[in-house]
Amino acid sequence: MATTPNVDNKRYQGLIVSIALFLSLIGALLAFTFYTSNLLERNTALIDQTNQVANSAQAVIKDLFDLDSSYGEDTKSPHIQRVLSRLEQNTALITSSMTAIEQGGTITDAEGNTYDLPNIDSKAQANVAAANEQWQALEPKIQTYLKDADNVMVPSADALTQAVEQAKTSSLFINDSLDNLTKDVFNSAERQATTIRLIQVLGVAAIFTYFLIFVFFFVRRLRETDAEAFAARRETQEIMQTVNTGLFLLDKDLNIGQQHSRALNDIIGADRLAGENFTNVLRGRISDKDLKTTQQFIEQLYNPRVKEKLVDSLNPLHKVMLHNTAGSKALNNRFLDFKFSRVYDNKDIARILVNVNDVSDAVYLEQRLEKERSQNDMQIEMLTTILNVNPKIINEFITNTQMHIEKMNNILKNPGSSQYELEGKLKAIYREMHSLKGEASALKLHSFTKIASDAEDKLHALQNQGQLSGNDFLPLAVHLDDLLSLSNTIATLGERINRSAPAPAPAAMQAATAPTPLAADNDIVKNSVSKTVVTESQAANHSIGSIDMNGGQDIDLDGDAEDDRLSFYKDFAKDIATRQGKQVQLKSNTLTQADIPAHLAKPIKEISIQLLRNAVVHGIETPSTRHSAGKAAVGTIDLEVKDNGSDFTLMVQDDGQGINYDGIRTKLSKEGRFSAEEANQLSQGDLLKQLFSSGFSTKEHADEDGGRGVGLDIIKAQVKDYDGKLNVNSELGQMTRFVITLPKA
């Protein structure tokens with residue numbers, strides 16, 4: 001909004017002209033006073049000069065008489081010398097003064113001050129002429145006498161006598177003429193002074209009268225203007241008190257103007273805002289980064305070369321959360337939306353107009369809608385999974401999810417005290433969460449995967465923080481609650497859509513419909529983590545020895561379910577490969593033919609998921625790397641299961657890069673688990689034990705598919721729990737094979 005300077009100029013034009021005229025009158029009066037003062041000073045100087053000429057004439061005549069009476073005295077005597085000197089000075093003074101008085105010249109007094117004498121009138125001129133005539137008759141005779149007055153060799157009596165005789169004749173006329181001259185000059189000066197006083201009185205009266213008129217006229221104008229300004233200010237105040245948005249102005253120093261809307265105090269939550277610095281008002285209520293960005297943003301608004309629309313897109317205070325502070329009116333944190341507009345004075349940016357609105361309701365509505373949208377997307381995702389996956393697999397997932405949650409819940413409930421117990425508690429929860437995430441990721445249930453990944457982030461942070469306490473585990477209860485809620489949702493959707501599908505096991509259904517109270521115990525669980533012994537084989541292919549595990553009961557799965565299970569694994573492997581930028585194909589000749597015992601179905605599924613993920617993430621290379629090594633771009637993974645009568649075998653093999661033992665040594669040294677020298681002394685068996693340890697991974701950066709060092713730890717724990725055996729066979733650059741043997745009995 002631009003101002004109208006032309007209107008303001010017209011409004012004050014009369015005032016400016018009147019003031020200028022008033023000052024002109026005062027200036028004229030002062031100039032006249034200065035002139036008359038100068039004139040009076042010159043008249044005074046003229047009077048003084050005439051008096052001085054008269055006095056000097058008297059002194060000349062007196063000195064002539066003195067010299068005449070002292071004639072015959074030694075001319076070198078002090079008396080004669082003093083009189084002669086005085087006579088000479090007075091003679092010269094009278095001559096120069098008479099000329100200056102007659103012609104209005106410049107004189108210099110005894111103190112060295114210079115004065116300009118005024119021109120005298122005709123009457124005074126006649127008196128000067130008469131005096132000058134007599135002086136012209138006397139002055140030559142004086143000069144004749146003075147010429148040889150102090151020369152004893154030249155007689156000067158005659159010259160002195162002539163001068164004295166002439167002085168007797170001329171002195172009377174000179175004195176009368178000079179006396180009349182003095183009177184004329186004095187009378188003239190007095191008349192001028194009277195005129196000057198009259199003019200000054202009239203000038204002062206005129207100025208005073210003009211001042212009264214000026215004051216009367218402009219006071220009335222000012223009262224009218226004040227009334228208009230008051231009315232405008234009142235209208236502005238009414239507007240400012242009525243609008244429900246915050247309005248205020250900001251100067252270049254980010255100071256808030258004196259006028260702002262009444263709603264601004266309630267919106268910002270502060271009693272006093274006028275004159276306050278905007279950054280001080282926001283400090284502590286928004287982040288320091290946003291505060292600094294706001295300062296830079298407003299500075300750019302004052303830059304005329306920066307387009308306002310361009311700067312507006314960088315507004316850091318768009319729907320920003322304003323945190324409550326002590327002593328603030330605001331009861332809760334609010335979302336405020338600030339809009340900034342330039343205020344122009346001609347072409348210059350004068351101020352910034354700020355319009356702030358409380359958009360908390362709109363933001364909360366958006367958040368609620370976004371949450372509902374996310375829930376709808378989640379339900380669509382779950383519906384898609386339910387419609388495309390065999391009901392038995394869905395039921396297994398629900399059952400396994402509940403089991404994982406119950407295990408984690410029980411782990412959280414168990415008290416503990418030592419760091420060893422806390423670390424064991426952390427590893428156990430990490431394994432359960434990672435297993436749950438693996439199954440959810442395999443079913444493309446991204447909502448489950450996201451919650452589990454967030455929980456893993458917290459677990460990973462706890463794993464790296466060193467010192468643990470019971471309170472560190474409390475936030476995990478929220479994730480368990482979210483996972484349980486999602487499990488109940490998918491179970492409900494499954495029941496509605498596929499009534500004919502086999503119902504989940506009673507324990508699973510009970511878990512799906514009745515959430516278990518989550519742990520909130522601060523105590524520390526005491527878990528005994530058994531060590532898994534991996535022995536190095538003497539075989540040339542570096543296969544490793546076995547770990548004894550436990551047994552179960554058979555369950556007969558129909559052919560369609562097995563086909564779905566193979567399809568499930570294939571899709572899972574391809575999804576991981578796509579995210580990792582790789583190409584894989586999964587092969588299995590025995591999965592659809594094997595009858596997996598019921599108590600082994602869960603561990604075999606979890607182990608298969610972890611091994612497949614490990615094969616894609618760590619084993620299979622990218623197409624470009626495989627091409628450089630002379631391999632096909634598509635990597636191959638074999639998954640085979642075999643019933644050996646007394647036990648059950650699971651084999652997962654890939655044709656990838658194999659296990660890089662030197663890479664394991666480097667990573668162990670880099671993480672500080674071993675020094676470089678100690679790592680170099682580790683055998684391949686020792687290195688495999690480290691590879692299966694919790695929290696260790698050769699992947700540099702963790703993502704949804706790997707890098708947290710939990711997958712192989714889960715496999716080790718599962719094999720141990722079921723008293724099974726684990727064999728690893730790897731050839732660098734060629735392949736890696738995992739063989740898991742679990743006893744039936």
# chains A, B, ... in the order shown; residues from 1 in each chain; ligands from 1
>>> select_by_dssp(residues="region 259-398 of chain A", states="strand (DSSP E or B)", output="JSON, numbers by chain")
{"A": [259, 260, 277, 283, 286, 320, 321, 322, 334, 335, 336, 337, 338, 339, 340, 341, 342, 343, 344, 345, 348, 349, 350, 351, 352, 353, 354, 355, 356, 357, 358]}
>>> write_last_selection(atoms="N, CA and C atoms", output="PDB file, in the first residue's frame")
ATOM      1  N   GLN A 259       0.915   0.009  16.971  1.00  0.00           N
ATOM      2  CA  GLN A 259      -0.477  -0.361  16.730  1.00  0.00           C
ATOM      3  C   GLN A 259      -0.552  -1.807  16.240  1.00  0.00           C
ATOM      4  N   HIS A 260      -1.413  -2.571  16.846  1.00  0.00           N
ATOM      5  CA  HIS A 260      -1.651  -3.937  16.379  1.00  0.00           C
ATOM      6  C   HIS A 260      -3.048  -4.360  16.804  1.00  0.00           C
ATOM      7  N   ASN A 277      10.697  -6.662  20.191  1.00  0.00           N
ATOM      8  CA  ASN A 277      11.394  -7.241  19.055  1.00  0.00           C
ATOM      9  C   ASN A 277      10.757  -8.578  18.691  1.00  0.00           C
ATOM     10  N   ARG A 283      11.484 -16.259  20.326  1.00  0.00           N
ATOM     11  CA  ARG A 283      12.599 -17.048  20.867  1.00  0.00           C
ATOM     12  C   ARG A 283      12.103 -17.997  21.960  1.00  0.00           C
ATOM     13  N   ILE A 286       9.781 -21.244  18.961  1.00  0.00           N
ATOM     14  CA  ILE A 286      10.054 -22.005  17.754  1.00  0.00           C
ATOM     15  C   ILE A 286      11.522 -22.406  17.808  1.00  0.00           C
ATOM     16  N   VAL A 320       3.413 -22.906  11.458  1.00  0.00           N
ATOM     17  CA  VAL A 320       4.471 -23.288  12.390  1.00  0.00           C
ATOM     18  C   VAL A 320       3.871 -23.491  13.777  1.00  0.00           C
ATOM     19  N   MET A 321       4.417 -24.468  14.511  1.00  0.00           N
ATOM     20  CA  MET A 321       3.938 -24.696  15.872  1.00  0.00           C
ATOM     21  C   MET A 321       4.609 -23.716  16.812  1.00  0.00           C
ATOM     22  N   LEU A 322       3.794 -22.966  17.553  1.00  0.00           N
ATOM     23  CA  LEU A 322       4.291 -22.016  18.540  1.00  0.00           C
ATOM     24  C   LEU A 322       4.148 -22.663  19.913  1.00  0.00           C
ATOM     25  N   ARG A 334       0.250 -24.028  19.802  1.00  0.00           N
ATOM     26  CA  ARG A 334      -0.652 -23.627  18.725  1.00  0.00           C
ATOM     27  C   ARG A 334       0.086 -23.663  17.392  1.00  0.00           C
ATOM     28  N   PHE A 335      -0.711 -23.852  16.334  1.00  0.00           N
ATOM     29  CA  PHE A 335      -0.188 -23.736  14.984  1.00  0.00           C
ATOM     30  C   PHE A 335      -0.605 -22.379  14.440  1.00  0.00           C
ATOM     31  N   LEU A 336       0.377 -21.566  14.082  1.00  0.00           N
ATOM     32  CA  LEU A 336       0.110 -20.222  13.580  1.00  0.00           C
ATOM     33  C   LEU A 336       0.620 -20.099  12.150  1.00  0.00           C
ATOM     34  N   ASP A 337      -0.097 -19.310  11.371  1.00  0.00           N
ATOM     35  CA  ASP A 337       0.275 -19.080   9.976  1.00  0.00           C
ATOM     36  C   ASP A 337       0.554 -17.588   9.803  1.00  0.00           C
ATOM     37  N   PHE A 338       1.803 -17.244   9.500  1.00  0.00           N
ATOM     38  CA  PHE A 338       2.213 -15.847   9.327  1.00  0.00           C
ATOM     39  C   PHE A 338       2.296 -15.534   7.839  1.00  0.00           C
ATOM     40  N   LYS A 339       1.705 -14.405   7.437  1.00  0.00           N
ATOM     41  CA  LYS A 339       1.822 -13.917   6.069  1.00  0.00           C
ATOM     42  C   LYS A 339       2.468 -12.533   6.111  1.00  0.00           C
ATOM     43  N   PHE A 340       3.438 -12.312   5.233  1.00  0.00           N
ATOM     44  CA  PHE A 340       4.210 -11.078   5.223  1.00  0.00           C
ATOM     45  C   PHE A 340       3.977 -10.330   3.913  1.00  0.00           C
ATOM     46  N   SER A 341       3.679  -9.028   4.013  1.00  0.00           N
ATOM     47  CA  SER A 341       3.466  -8.188   2.836  1.00  0.00           C
ATOM     48  C   SER A 341       4.260  -6.897   2.998  1.00  0.00           C
ATOM     49  N   ARG A 342       4.772  -6.400   1.884  1.00  0.00           N
ATOM     50  CA  ARG A 342       5.549  -5.165   1.914  1.00  0.00           C
ATOM     51  C   ARG A 342       4.638  -3.942   1.943  1.00  0.00           C
ATOM     52  N   VAL A 343       5.046  -2.920   2.696  1.00  0.00           N
ATOM     53  CA  VAL A 343       4.360  -1.628   2.732  1.00  0.00           C
ATOM     54  C   VAL A 343       5.311  -0.613   2.110  1.00  0.00           C
ATOM     55  N   TYR A 344       4.852   0.048   1.044  1.00  0.00           N
ATOM     56  CA  TYR A 344       5.714   0.946   0.281  1.00  0.00           C
ATOM     57  C   TYR A 344       5.458   2.404   0.629  1.00  0.00           C
ATOM     58  N   ASP A 345       6.531   3.195   0.629  1.00  0.00           N
ATOM     59  CA  ASP A 345       6.467   4.653   0.687  1.00  0.00           C
ATOM     60  C   ASP A 345       7.099   5.134  -0.613  1.00  0.00           C
ATOM     61  N   ASP A 348       9.971   3.026  -2.093  1.00  0.00           N
ATOM     62  CA  ASP A 348      10.791   2.450  -1.025  1.00  0.00           C
ATOM     63  C   ASP A 348       9.946   1.543  -0.130  1.00  0.00           C
ATOM     64  N   ILE A 349      10.573   0.463   0.346  1.00  0.00           N
ATOM     65  CA  ILE A 349       9.898  -0.458   1.267  1.00  0.00           C
ATOM     66  C   ILE A 349       9.993   0.137   2.662  1.00  0.00           C
ATOM     67  N   ALA A 350       8.854   0.575   3.192  1.00  0.00           N
ATOM     68  CA  ALA A 350       8.845   1.260   4.490  1.00  0.00           C
ATOM     69  C   ALA A 350       8.739   0.275   5.649  1.00  0.00           C
ATOM     70  N   ARG A 351       7.796  -0.626   5.580  1.00  0.00           N
ATOM     71  CA  ARG A 351       7.558  -1.588   6.665  1.00  0.00           C
ATOM     72  C   ARG A 351       7.119  -2.917   6.064  1.00  0.00           C
ATOM     73  N   ILE A 352       6.964  -3.883   6.954  1.00  0.00           N
ATOM     74  CA  ILE A 352       6.407  -5.186   6.572  1.00  0.00           C
ATOM     75  C   ILE A 352       5.128  -5.396   7.373  1.00  0.00           C
ATOM     76  N   LEU A 353       4.031  -5.603   6.659  1.00  0.00           N
ATOM     77  CA  LEU A 353       2.757  -5.886   7.311  1.00  0.00           C
ATOM     78  C   LEU A 353       2.652  -7.394   7.533  1.00  0.00           C
ATOM     79  N   VAL A 354       2.388  -7.782   8.767  1.00  0.00           N
ATOM     80  CA  VAL A 354       2.318  -9.201   9.130  1.00  0.00           C
ATOM     81  C   VAL A 354       0.887  -9.535   9.527  1.00  0.00           C
ATOM     82  N   ASN A 355       0.367 -10.573   8.917  1.00  0.00           N
ATOM     83  CA  ASN A 355      -0.976 -11.073   9.226  1.00  0.00           C
ATOM     84  C   ASN A 355      -0.820 -12.489   9.773  1.00  0.00           C
ATOM     85  N   VAL A 356      -1.229 -12.709  11.007  1.00  0.00           N
ATOM     86  CA  VAL A 356      -1.048 -14.020  11.634  1.00  0.00           C
ATOM     87  C   VAL A 356      -2.406 -14.574  12.039  1.00  0.00           C
ATOM     88  N   ASN A 357      -2.599 -15.849  11.728  1.00  0.00           N
ATOM     89  CA  ASN A 357      -3.859 -16.532  12.049  1.00  0.00           C
ATOM     90  C   ASN A 357      -3.567 -17.791  12.847  1.00  0.00           C
ATOM     91  N   ASP A 358      -4.467 -18.088  13.755  1.00  0.00           N
ATOM     92  CA  ASP A 358      -4.395 -19.342  14.503  1.00  0.00           C
ATOM     93  C   ASP A 358      -5.074 -20.420  13.669  1.00  0.00           C
TER      94      ASP A 358
END
>>> residues_around(residues="Asn660 (chain A)", least_positions_apart="4", cutoff="9 Å", atoms="only C-alpha atoms", output="ChimeraX atom specification")
/A:664-665,731-733
>>> write_last_selection(atoms="C-alpha atoms", output="mmCIF file, in the first residue's frame")
data_model
loop_
_atom_site.group_PDB
_atom_site.id
_atom_site.type_symbol
_atom_site.label_atom_id
_atom_site.label_comp_id
_atom_site.auth_asym_id
_atom_site.auth_seq_id
_atom_site.Cartn_x
_atom_site.Cartn_y
_atom_site.Cartn_z
ATOM 1 C CA ILE A 664 34.596 -59.523 8.390
ATOM 2 C CA ARG A 665 38.030 -58.934 9.923
ATOM 3 C CA GLU A 731 33.214 -70.284 -1.559
ATOM 4 C CA LEU A 732 34.381 -66.718 -2.131
ATOM 5 C CA GLY A 733 32.923 -65.315 -5.317
#
>>> residues_around(residues="region 612-614 of chain A", least_positions_apart="4", cutoff="9 Å", atoms="only C-alpha atoms", output="short mmCIF file (atom, residue, chain, number, x, y, z; two decimals) with all heavy atoms, in the first residue's frame")
data_model
loop_
_atom_site.label_atom_id
_atom_site.label_comp_id
_atom_site.auth_asym_id
_atom_site.auth_seq_id
_atom_site.Cartn_x
_atom_site.Cartn_y
_atom_site.Cartn_z
N GLY A 438 10.29 -59.34 9.50
CA GLY A 438 10.55 -60.16 8.32
C GLY A 438 9.27 -60.74 7.75
O GLY A 438 9.05 -60.71 6.53
N TYR A 569 7.36 -67.08 -0.90
CA TYR A 569 8.80 -66.90 -0.78
C TYR A 569 9.39 -66.24 -2.03
O TYR A 569 10.30 -65.40 -1.94
CB TYR A 569 9.49 -68.25 -0.53
CG TYR A 569 9.29 -68.80 0.86
CD1 TYR A 569 9.01 -70.14 1.09
CD2 TYR A 569 9.42 -67.96 1.96
CE1 TYR A 569 8.83 -70.64 2.37
CE2 TYR A 569 9.24 -68.46 3.25
CZ TYR A 569 8.94 -69.80 3.45
OH TYR A 569 8.77 -70.29 4.71
N PHE A 572 8.58 -62.59 -1.98
CA PHE A 572 9.37 -61.97 -0.92
C PHE A 572 10.79 -61.68 -1.41
O PHE A 572 11.32 -60.57 -1.26
CB PHE A 572 9.39 -62.88 0.30
CG PHE A 572 10.28 -62.42 1.41
CD1 PHE A 572 10.10 -61.18 2.00
CD2 PHE A 572 11.32 -63.22 1.88
CE1 PHE A 572 10.92 -60.75 3.03
CE2 PHE A 572 12.14 -62.80 2.91
CZ PHE A 572 11.95 -61.56 3.48
N ALA A 573 11.41 -62.69 -2.05
CA ALA A 573 12.78 -62.52 -2.54
C ALA A 573 12.84 -61.45 -3.63
O ALA A 573 13.76 -60.63 -3.67
CB ALA A 573 13.32 -63.86 -3.06
N ILE A 576 12.58 -57.85 -2.15
CA ILE A 576 13.84 -57.41 -1.55
C ILE A 576 14.84 -57.06 -2.65
O ILE A 576 15.53 -56.03 -2.59
CB ILE A 576 14.42 -58.49 -0.63
CG1 ILE A 576 13.47 -58.77 0.54
CG2 ILE A 576 15.78 -58.06 -0.09
CD1 ILE A 576 13.92 -59.89 1.44
N ALA A 577 14.91 -57.91 -3.68
CA ALA A 577 15.86 -57.67 -4.76
C ALA A 577 15.55 -56.34 -5.47
O ALA A 577 16.47 -55.59 -5.82
CB ALA A 577 15.81 -58.82 -5.76
N ILE A 607 13.24 -68.96 9.84
CA ILE A 607 14.61 -69.17 9.38
C ILE A 607 14.69 -68.96 7.86
O ILE A 607 15.63 -68.35 7.35
CB ILE A 607 15.11 -70.57 9.78
CG1 ILE A 607 15.24 -70.65 11.31
CG2 ILE A 607 16.44 -70.88 9.11
CD1 ILE A 607 15.56 -72.05 11.82
N SER A 608 13.69 -69.45 7.15
CA SER A 608 13.67 -69.30 5.69
C SER A 608 13.64 -67.82 5.30
O SER A 608 14.36 -67.39 4.39
CB SER A 608 12.46 -70.02 5.09
OG SER A 608 12.52 -71.40 5.37
N HIS A 618 23.09 -59.83 1.18
CA HIS A 618 24.53 -60.00 1.37
C HIS A 618 25.17 -60.93 0.33
O HIS A 618 26.37 -60.81 0.09
CB HIS A 618 24.82 -60.55 2.76
CG HIS A 618 24.37 -59.64 3.87
ND1 HIS A 618 25.07 -58.52 4.25
CD2 HIS A 618 23.28 -59.68 4.68
CE1 HIS A 618 24.45 -57.92 5.25
NE2 HIS A 618 23.34 -58.60 5.53
N GLY A 619 24.38 -61.83 -0.26
CA GLY A 619 24.98 -62.82 -1.16
C GLY A 619 24.95 -62.39 -2.61
O GLY A 619 26.00 -62.20 -3.24
N ILE A 637 18.72 -68.48 -6.19
CA ILE A 637 18.66 -68.93 -4.80
C ILE A 637 17.87 -70.25 -4.79
O ILE A 637 16.77 -70.32 -5.34
CB ILE A 637 17.97 -67.90 -3.90
CG1 ILE A 637 18.72 -66.57 -3.92
CG2 ILE A 637 17.89 -68.42 -2.46
CD1 ILE A 637 18.03 -65.47 -3.13
N LEU A 639 16.01 -73.09 -2.42
CA LEU A 639 15.44 -73.33 -1.09
C LEU A 639 14.87 -74.75 -1.11
O LEU A 639 13.92 -75.04 -1.87
CB LEU A 639 14.35 -72.32 -0.78
CG LEU A 639 13.78 -72.33 0.65
CD1 LEU A 639 13.24 -70.96 1.01
CD2 LEU A 639 12.64 -73.36 0.79
N VAL A 652 19.31 -73.43 2.18
CA VAL A 652 19.20 -72.22 1.35
C VAL A 652 20.58 -71.93 0.79
O VAL A 652 21.54 -71.77 1.54
CB VAL A 652 18.69 -71.00 2.15
CG1 VAL A 652 18.68 -69.75 1.27
CG2 VAL A 652 17.29 -71.27 2.69
N GLN A 653 20.67 -71.90 -0.56
CA GLN A 653 21.95 -71.68 -1.21
C GLN A 653 21.80 -70.60 -2.28
O GLN A 653 20.80 -70.56 -3.01
CB GLN A 653 22.45 -72.99 -1.84
CG GLN A 653 23.76 -72.84 -2.61
CD GLN A 653 24.27 -74.17 -3.12
OE1 GLN A 653 24.18 -75.19 -2.43
NE2 GLN A 653 24.78 -74.17 -4.35
N ASP A 654 22.81 -69.72 -2.38
CA ASP A 654 22.81 -68.69 -3.43
C ASP A 654 24.11 -68.77 -4.20
O ASP A 654 25.11 -69.30 -3.70
CB ASP A 654 22.65 -67.30 -2.82
CG ASP A 654 23.82 -66.89 -1.94
OD1 ASP A 654 24.86 -66.49 -2.50
OD2 ASP A 654 23.68 -66.95 -0.70
N ASP A 705 15.75 -53.93 4.81
CA ASP A 705 16.04 -55.33 4.50
C ASP A 705 17.24 -55.90 5.24
O ASP A 705 17.42 -57.12 5.26
CB ASP A 705 16.27 -55.47 2.99
CG ASP A 705 15.06 -55.03 2.18
OD1 ASP A 705 13.95 -55.47 2.52
OD2 ASP A 705 15.23 -54.22 1.25
N GLY A 706 18.08 -55.06 5.82
CA GLY A 706 19.23 -55.63 6.50
C GLY A 706 20.18 -54.56 7.00
O GLY A 706 19.96 -53.36 6.83
N GLY A 711 19.51 -60.76 11.81
CA GLY A 711 18.99 -61.91 11.06
C GLY A 711 19.66 -63.22 11.41
O GLY A 711 19.00 -64.21 11.76
N LEU A 712 20.99 -63.26 11.33
CA LEU A 712 21.72 -64.49 11.64
C LEU A 712 21.64 -64.82 13.12
O LEU A 712 21.68 -66.00 13.51
CB LEU A 712 23.18 -64.36 11.19
CG LEU A 712 23.40 -64.24 9.67
CD1 LEU A 712 24.88 -64.14 9.36
CD2 LEU A 712 22.78 -65.43 8.94
#
>>> atom_distance(atom1="CA of Asn151 (chain A)", atom2="CA of Gln134 (chain A)")
27.8 Å
>>> atom_distance(atom1="CA of Glu41 (chain A)", atom2="CA of Met98 (chain A)")
18.9 Å
>>> select_by_dssp(residues="region 610-733 of chain A", states="alpha helix (DSSP H)", output="ChimeraX atom specification")
/A:610-614,623-628,661-670,676-680,684-691,711-721
>>> closest_residue(among="A:Ile19, A:Val728, A:Val634, A:Ile142", to="Ile213 (chain A)", atoms="only C-alpha atoms")
A:Ile19
>>> residues_around(residues="Asp454 (chain A)", least_positions_apart="6", cutoff="10 Å", atoms="only C-alpha atoms", output="list in words")
His460, Leu476 and His479 of chain A
>>> write_last_selection(atoms="all heavy atoms", output="mmCIF file, in the first residue's frame")
data_model
loop_
_atom_site.group_PDB
_atom_site.id
_atom_site.type_symbol
_atom_site.label_atom_id
_atom_site.label_comp_id
_atom_site.auth_asym_id
_atom_site.auth_seq_id
_atom_site.Cartn_x
_atom_site.Cartn_y
_atom_site.Cartn_z
ATOM 1 N N HIS A 460 18.299 -50.412 18.248
ATOM 2 C CA HIS A 460 19.668 -50.229 17.769
ATOM 3 C C HIS A 460 20.360 -49.110 18.546
ATOM 4 O O HIS A 460 21.548 -49.215 18.890
ATOM 5 C CB HIS A 460 19.643 -49.906 16.275
ATOM 6 C CG HIS A 460 21.005 -49.847 15.658
ATOM 7 N ND1 HIS A 460 21.816 -50.949 15.500
ATOM 8 C CD2 HIS A 460 21.711 -48.789 15.166
ATOM 9 C CE1 HIS A 460 22.958 -50.596 14.937
ATOM 10 N NE2 HIS A 460 22.919 -49.288 14.722
ATOM 11 N N LEU A 476 9.152 -48.980 24.149
ATOM 12 C CA LEU A 476 8.832 -50.117 23.273
ATOM 13 C C LEU A 476 7.399 -50.595 23.469
ATOM 14 O O LEU A 476 6.807 -51.196 22.564
ATOM 15 C CB LEU A 476 9.799 -51.268 23.543
ATOM 16 C CG LEU A 476 11.276 -50.978 23.223
ATOM 17 C CD1 LEU A 476 12.136 -52.143 23.663
ATOM 18 C CD2 LEU A 476 11.445 -50.731 21.731
ATOM 19 N N HIS A 479 5.089 -49.340 20.759
ATOM 20 C CA HIS A 479 5.194 -50.064 19.495
ATOM 21 C C HIS A 479 4.466 -51.408 19.568
ATOM 22 O O HIS A 479 3.808 -51.819 18.601
ATOM 23 C CB HIS A 479 6.663 -50.271 19.136
ATOM 24 C CG HIS A 479 7.399 -48.997 18.867
ATOM 25 N ND1 HIS A 479 7.252 -48.278 17.705
ATOM 26 C CD2 HIS A 479 8.277 -48.293 19.626
ATOM 27 C CE1 HIS A 479 8.017 -47.195 17.745
ATOM 28 N NE2 HIS A 479 8.643 -47.181 18.905
#
